[in-house]
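Asks: Next up is a structure, given as structure tokens.
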Amino acid sequence: MLDINLLRNHFEEVEKALASRNEEFDLSRFHELDETRRNLLAEVEALKNKKNVASREVGVRKKNGQDCADIFEEMKELSAVIKEYDAKVSEADAALQEYMLTLPNIPNPTVPQGKSDEDNVEIRRYGEPTAFAFEPKAHWDLGAALGILDPETAAKITGTRFHVYRGPGARLERAITNFFLDTHTEKHGYTEVFPPFMVSRDSMTGTGQLPKFEEDAYKVTGDGKEYFLVPTAEVPVTNMYRNQILSGSDLPIMHCAYTACFRAEAGSAGRDTRGLIRQHQFNKVELVKFTRPEQSYDELEKLTRDAEDVLQMLGLPYRVVKICMGDLGFTAAMKYDIEVWMPSYGRYVEISSCSNFEEFQARRANIKYRDNVKEKARYVHTLNGSGVAVGRTTAAILENFQQEDGSVVIPEVLRPYMGMDVIPAK
RNA sequence: GGAGAUGUACUCAAGUGGUCGUAAGAGGUCGCACUCGAAAUGCGAUAGGUCCGCAAGGGCGCGUGGGUUCGACUCCCACCAUCUCCGCCA
């Protein structure tokens with residue numbers, strides 16, 4: 001959510017800053033909604049003041065044993081009017097609030113101009129695209145040949161865009177997950193949390209998935225309650241601190257978390273239909289930080305490096321791109337994508353997104369900090385990034401480390417977790 | 001599933017229908033004394049959400065939402081959360 005005072009006092013700048021975003025929103029309604037609310041508020045507050053003054057008078061008169069009938073008469077009427085006004089105010093309040101939730105974040109000035117992902121700017125590369133002395137297979141063909149990836153059975157028990165992993169495939173997914181978590185906790189200093197996979201509507205709103213992207217989320221009901229399956233651990237982990245004032249000495253707070261992630265992928269019909277790249281349910285280890293505003297861009301660099309590090313340790317070639325205006329998500333002020341080399345696609349494929357949301361989520365979720373109780377609390381900056389997507393890592397390992405005979409060599413660092421050096425061909 | 005209790009500022013906590021929520025008290029924070037230094041102790045000081053307003057000032061805020069009343073932290077109802085006991089299941 002944007003700072004409402006920024007819109008009031010620097011409307012043109014905001015308008016300009018949001019102009020190159022590839023999002024639909026309507027700034028023109030702001031002034032009307034804001035003024036309606038403020039005018040109503042001024043009126044009702046004047047009435048309430050009158051009521052409070054009269055109430056105090058009653059207290060005084062009662063003490064002196066005086067009669068209050070005239071005040072009661074007058075107040076009875078006034079109370080009814082106030083009640084009407086209150087209803088109007090909360091209506092205007094809700095309208096403004098709802099509207100504010102539809103406005104995207106203001107991009108950082110250093111975000112490159114551009115319309116689509118084709119305009120993202122490559123920052124650096126690690127390794128070279130894997131060269132093969134034979135015709136490499138796609139991971140879905142490899143997975144089928146090795147008997148470790150089974151989308152057909154998943155389709156039978158659930159539907160499309162799901163996978164059953166079998167034997168070494170299941171083990172590989174689990175090995176990668178544990179390797180990521182261990183590395184981020186032991187080497188990079190994150191504190192692991194294991195949150196619920198279902199969250200409330202408030203949590204989804206706090207991180208910005210709602211109200212705009214409801215069609216992308218899975219809703220679960222039962223016991224008369226409504227929950228959402230987490231689309232990313234960002235949601236439960238960021239909301240751990242919702243409505244809290246953190247102590248400045250605790251910052252930066254750094255968490256890593258494994259969750260399954262659930263996405264409806266509405267609007268992606270026909271894309272990436274084969275393999276592990278685009279699933280309704282996938283595994284991910286997420287990195288989440290809460291920082292002081294002045295630290296957040298340094299912390300974004302570090303977070304991105306932490307995500308890159310696990311790919312380096314695995315020996316996977318990747319590149320880092322800086323996301324341009326048109327491709328920046330609704331909530332991010334700046335974002336880097338890490339893209340792993342995927343031989344079957346013949347290009348780099350996103351495996352991590354690392355974003356600084358600045359105050360945008362903190363404002364929605366009401367997360368503040370201060371160093372001393374005497375200080376006014378300020379919004380923290382929130383950041384997160386995949387560290388990294390597990391399913392896509394499985395795909396990348398299968399493809400990049402496949403051998404001519406159809407076997408797959410397990411990266412050194414995973415072997416302790418895998419209990420084997422190579423997934424043998426059948 | 002049954003019975004009961006609790007929910008007030010960063011934390012603990014007093015307050016049971018009226019003019020005290022910049023809310024008693026305490027922790028906390030800061031200063032001074034004591035001390036080689038620290039702890040402990042004593043004395044003193046200090047701050048405390050949010051919205052409207054240029055300001056003066058005002059509104060709201062006692063888990064959330066309703067209701068009763070001229071007036072609600074205080075009474076009633078619903079919901080949420082936490083705790084205790086019983087039952088049930090591992």
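Following the order of the structure tokens, chains are lettered A, B, ..., residues in each are numbered from 1, and ligands are numbered from 1.
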Select, as a short mmCIF file (atom, residue, chain, number, x, y, z; two decimals) with C-alpha atoms (C1' of nucleotides), in the first residue's frame, those residues of chain B with any atom no more than 8 Å from chain A (distances computed using only C-alpha atoms (C1' of nucleotides)).
Replies:
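File written: iface34.cif
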```cif
data_model
loop_
_atom_site.label_atom_id
_atom_site.label_comp_id
_atom_site.auth_asym_id
_atom_site.auth_seq_id
_atom_site.Cartn_x
_atom_site.Cartn_y
_atom_site.Cartn_z
"C1'" C B 10 6.88 -2.46 24.02
"C1'" G B 18 -20.23 9.66 34.03
"C1'" U B 19 -16.42 15.31 34.14
"C1'" U B 29 14.86 3.66 28.97
"C1'" A B 47 8.38 8.46 26.90
"C1'" G B 48 3.92 5.75 25.12
"C1'" C B 52 -8.72 14.73 10.80
"C1'" G B 58 -10.63 17.67 17.98
"C1'" G B 59 -12.20 12.38 16.89
"C1'" C B 70 -28.34 10.77 27.42
"C1'" G B 71 -23.40 8.44 28.38
#
```
Asks: Step one, run DSSP on the backbone; step two, keep only residues of stretch 7-172 of chain A assigned to strand (DSSP E); then write them as a ChimeraX atom specification.
Replies: /A:121-126,149-150,164-165
Asks: Take the residues from that selection and write them out as a PDB file, in the first residue's frame, keeping N, CA, C and O atoms.
Replies:
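Wrote again.pdb, looks like this:
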```pdb
ATOM      1  N   VAL A 121      17.453  -6.507 -17.657  1.00  0.00           N
ATOM      2  CA  VAL A 121      18.869  -6.253 -17.896  1.00  0.00           C
ATOM      3  C   VAL A 121      19.725  -7.312 -17.213  1.00  0.00           C
ATOM      4  O   VAL A 121      19.632  -7.505 -16.002  1.00  0.00           O
ATOM      5  N   GLU A 122      20.550  -7.984 -17.989  1.00  0.00           N
ATOM      6  CA  GLU A 122      21.422  -8.997 -17.402  1.00  0.00           C
ATOM      7  C   GLU A 122      22.509  -8.322 -16.585  1.00  0.00           C
ATOM      8  O   GLU A 122      23.186  -7.407 -17.052  1.00  0.00           O
ATOM      9  N   ILE A 123      22.685  -8.790 -15.343  1.00  0.00           N
ATOM     10  CA  ILE A 123      23.656  -8.189 -14.426  1.00  0.00           C
ATOM     11  C   ILE A 123      24.947  -8.992 -14.390  1.00  0.00           C
ATOM     12  O   ILE A 123      26.041  -8.444 -14.422  1.00  0.00           O
ATOM     13  N   ARG A 124      24.817 -10.299 -14.310  1.00  0.00           N
ATOM     14  CA  ARG A 124      26.015 -11.155 -14.262  1.00  0.00           C
ATOM     15  C   ARG A 124      25.629 -12.591 -14.586  1.00  0.00           C
ATOM     16  O   ARG A 124      24.468 -12.959 -14.519  1.00  0.00           O
ATOM     17  N   ARG A 125      26.676 -13.364 -14.919  1.00  0.00           N
ATOM     18  CA  ARG A 125      26.483 -14.778 -15.217  1.00  0.00           C
ATOM     19  C   ARG A 125      27.417 -15.613 -14.382  1.00  0.00           C
ATOM     20  O   ARG A 125      28.504 -15.174 -14.018  1.00  0.00           O
ATOM     21  N   TYR A 126      27.002 -16.821 -14.110  1.00  0.00           N
ATOM     22  CA  TYR A 126      27.882 -17.794 -13.469  1.00  0.00           C
ATOM     23  C   TYR A 126      27.894 -19.024 -14.359  1.00  0.00           C
ATOM     24  O   TYR A 126      26.851 -19.559 -14.731  1.00  0.00           O
ATOM     25  N   LEU A 149       9.844 -39.568 -12.386  1.00  0.00           N
ATOM     26  CA  LEU A 149       8.814 -38.526 -12.485  1.00  0.00           C
ATOM     27  C   LEU A 149       7.587 -39.120 -13.169  1.00  0.00           C
ATOM     28  O   LEU A 149       7.691 -39.676 -14.262  1.00  0.00           O
ATOM     29  N   ASP A 150       6.440 -38.983 -12.517  1.00  0.00           N
ATOM     30  CA  ASP A 150       5.256 -39.676 -12.995  1.00  0.00           C
ATOM     31  C   ASP A 150       4.041 -38.745 -12.986  1.00  0.00           C
ATOM     32  O   ASP A 150       3.229 -38.774 -12.065  1.00  0.00           O
ATOM     33  N   VAL A 164       3.801 -37.058  -9.386  1.00  0.00           N
ATOM     34  CA  VAL A 164       4.260 -38.014  -8.384  1.00  0.00           C
ATOM     35  C   VAL A 164       5.752 -38.214  -8.637  1.00  0.00           C
ATOM     36  O   VAL A 164       6.163 -38.431  -9.777  1.00  0.00           O
ATOM     37  N   TYR A 165       6.556 -38.043  -7.606  1.00  0.00           N
ATOM     38  CA  TYR A 165       7.983 -38.358  -7.702  1.00  0.00           C
ATOM     39  C   TYR A 165       8.162 -39.766  -7.129  1.00  0.00           C
ATOM     40  O   TYR A 165       7.581 -40.102  -6.106  1.00  0.00           O
TER      41      TYR A 165
END
```
Asks: I'd like the contact shell of A:Phe213 - 10 Å cut-off, only C-alpha atoms (C1' of nucleotides), skipping same-chain residues fewer than 4 positions apart - returned as a compact mmCIF listing (two decimals) with C-alpha atoms, in the first residue's frame.
Replies:
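Result went into result15.txt, see below:
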```txt
# COMPACT_ATOMS: atom_id res chain seq x y z
CA MET A 204 -2.96 -12.75 1.82
CA THR A 205 -3.90 -9.07 1.85
CA GLY A 208 -0.35 -8.11 -1.51
CA GLN A 209 -1.70 -11.31 -3.10
CA ALA A 217 -5.05 -18.51 -5.25
CA ALA A 266 -4.90 -18.91 -14.17
CA PHE A 330 2.55 -5.45 -8.33
```
Asks: Would you kindly return, as a PyMOL selection string, each protein, DNA or RNA residue with an atom no farther than 7 Å from any atom of stretch 168-177 of chain A, considering only C-alpha atoms (C1' of nucleotides) and excluding same-chain residues fewer than 5 positions away?
Replies: chain A and resi 148-149+285+390-391+394+414+417-418+423
Asks: Take the selection from the previous step and output its residues with N, CA, C and O atoms, as an mmCIF file, in the first residue's frame.
Replies:
```cif
data_model
loop_
_atom_site.group_PDB
_atom_site.id
_atom_site.type_symbol
_atom_site.label_atom_id
_atom_site.label_comp_id
_atom_site.auth_asym_id
_atom_site.auth_seq_id
_atom_site.Cartn_x
_atom_site.Cartn_y
_atom_site.Cartn_z
ATOM 1 N N ILE A 148 11.341 -41.892 -12.397
ATOM 2 C CA ILE A 148 11.320 -41.101 -11.160
ATOM 3 C C ILE A 148 10.303 -39.957 -11.195
ATOM 4 O O ILE A 148 9.946 -39.414 -10.159
ATOM 5 N N LEU A 149 9.844 -39.568 -12.386
ATOM 6 C CA LEU A 149 8.814 -38.526 -12.485
ATOM 7 C C LEU A 149 7.587 -39.120 -13.169
ATOM 8 O O LEU A 149 7.691 -39.676 -14.262
ATOM 9 N N VAL A 285 12.051 -23.198 -1.101
ATOM 10 C CA VAL A 285 12.635 -22.650 0.125
ATOM 11 C C VAL A 285 12.704 -21.143 -0.090
ATOM 12 O O VAL A 285 13.252 -20.675 -1.086
ATOM 13 N N VAL A 390 12.519 -25.501 -5.561
ATOM 14 C CA VAL A 390 13.067 -26.858 -5.479
ATOM 15 C C VAL A 390 12.755 -27.674 -6.738
ATOM 16 O O VAL A 390 13.636 -28.318 -7.299
ATOM 17 N N GLY A 391 11.509 -27.622 -7.174
ATOM 18 C CA GLY A 391 11.112 -28.411 -8.341
ATOM 19 C C GLY A 391 11.923 -28.043 -9.581
ATOM 20 O O GLY A 391 12.382 -28.918 -10.325
ATOM 21 N N THR A 394 15.358 -29.458 -9.279
ATOM 22 C CA THR A 394 15.358 -30.876 -9.658
ATOM 23 C C THR A 394 15.439 -31.003 -11.175
ATOM 24 O O THR A 394 16.252 -31.766 -11.713
ATOM 25 N N LEU A 414 25.153 -32.683 -2.774
ATOM 26 C CA LEU A 414 23.882 -33.364 -2.488
ATOM 27 C C LEU A 414 24.073 -34.822 -2.105
ATOM 28 O O LEU A 414 23.153 -35.466 -1.599
ATOM 29 N N TYR A 417 23.082 -36.168 1.154
ATOM 30 C CA TYR A 417 21.630 -36.175 1.339
ATOM 31 C C TYR A 417 20.961 -37.267 0.504
ATOM 32 O O TYR A 417 19.880 -37.719 0.811
ATOM 33 N N MET A 418 21.630 -37.646 -0.610
ATOM 34 C CA MET A 418 21.037 -38.594 -1.552
ATOM 35 C C MET A 418 21.375 -40.045 -1.241
ATOM 36 O O MET A 418 20.651 -40.952 -1.617
ATOM 37 N N ILE A 423 22.134 -41.272 -10.296
ATOM 38 C CA ILE A 423 20.885 -41.994 -10.497
ATOM 39 C C ILE A 423 21.075 -42.867 -11.734
ATOM 40 O O ILE A 423 21.236 -42.338 -12.848
#
```
Asks: Just to confirm, what's the straight-line distance from atom CA of A:Ile338 to atom CA of A:Ser352 in Å (one decimal)?
Replies: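 A separation of 5.0 Å between them.
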Asks: Could you pull out the alpha helix (DSSP H) residues of stretch 182-418 of chain A, going by DSSP on the backbone, and write them as a PyMOL selection string?
Replies: chain A and resi 182+201-207+234-239+296-314+360-365+390-400+415-418
Asks: At what distance in Å, to one decimal, does atom CA of A:Ala396 lie from atom CA of A:Met254?
Replies: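 Value for the atom CA of A:Met254-atom CA of A:Ala396 distance: 27.0 Å.
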Asks: Applying 12 Å and only C-alpha atoms (C1' of nucleotides), which residues near B:G66 remain after dropping the ones on its own chain fewer than 3 positions away? List them as a list of chain:residue names.
Replies: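 Contacts, in chain order: B:C76, B:C77, B:A78, B:C79.
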Asks: Residues at most 12 Å from B:G25, counting only C-alpha atoms (C1' of nucleotides), excluding those fewer than 2 positions away in the same chain, as a PyMOL selection string?
Replies: chain B and resi 12-15+23+27
Asks: Set the distance at 12 Å and use only C-alpha atoms (C1' of nucleotides): which residues neighbour A:Leu251 once local chain neighbours fewer than 5 positions away are removed? I'd like the list as a VMD selection string.
Replies: chain A and resid 245 to 246 289 to 296 299 368 to 371 380 to 382
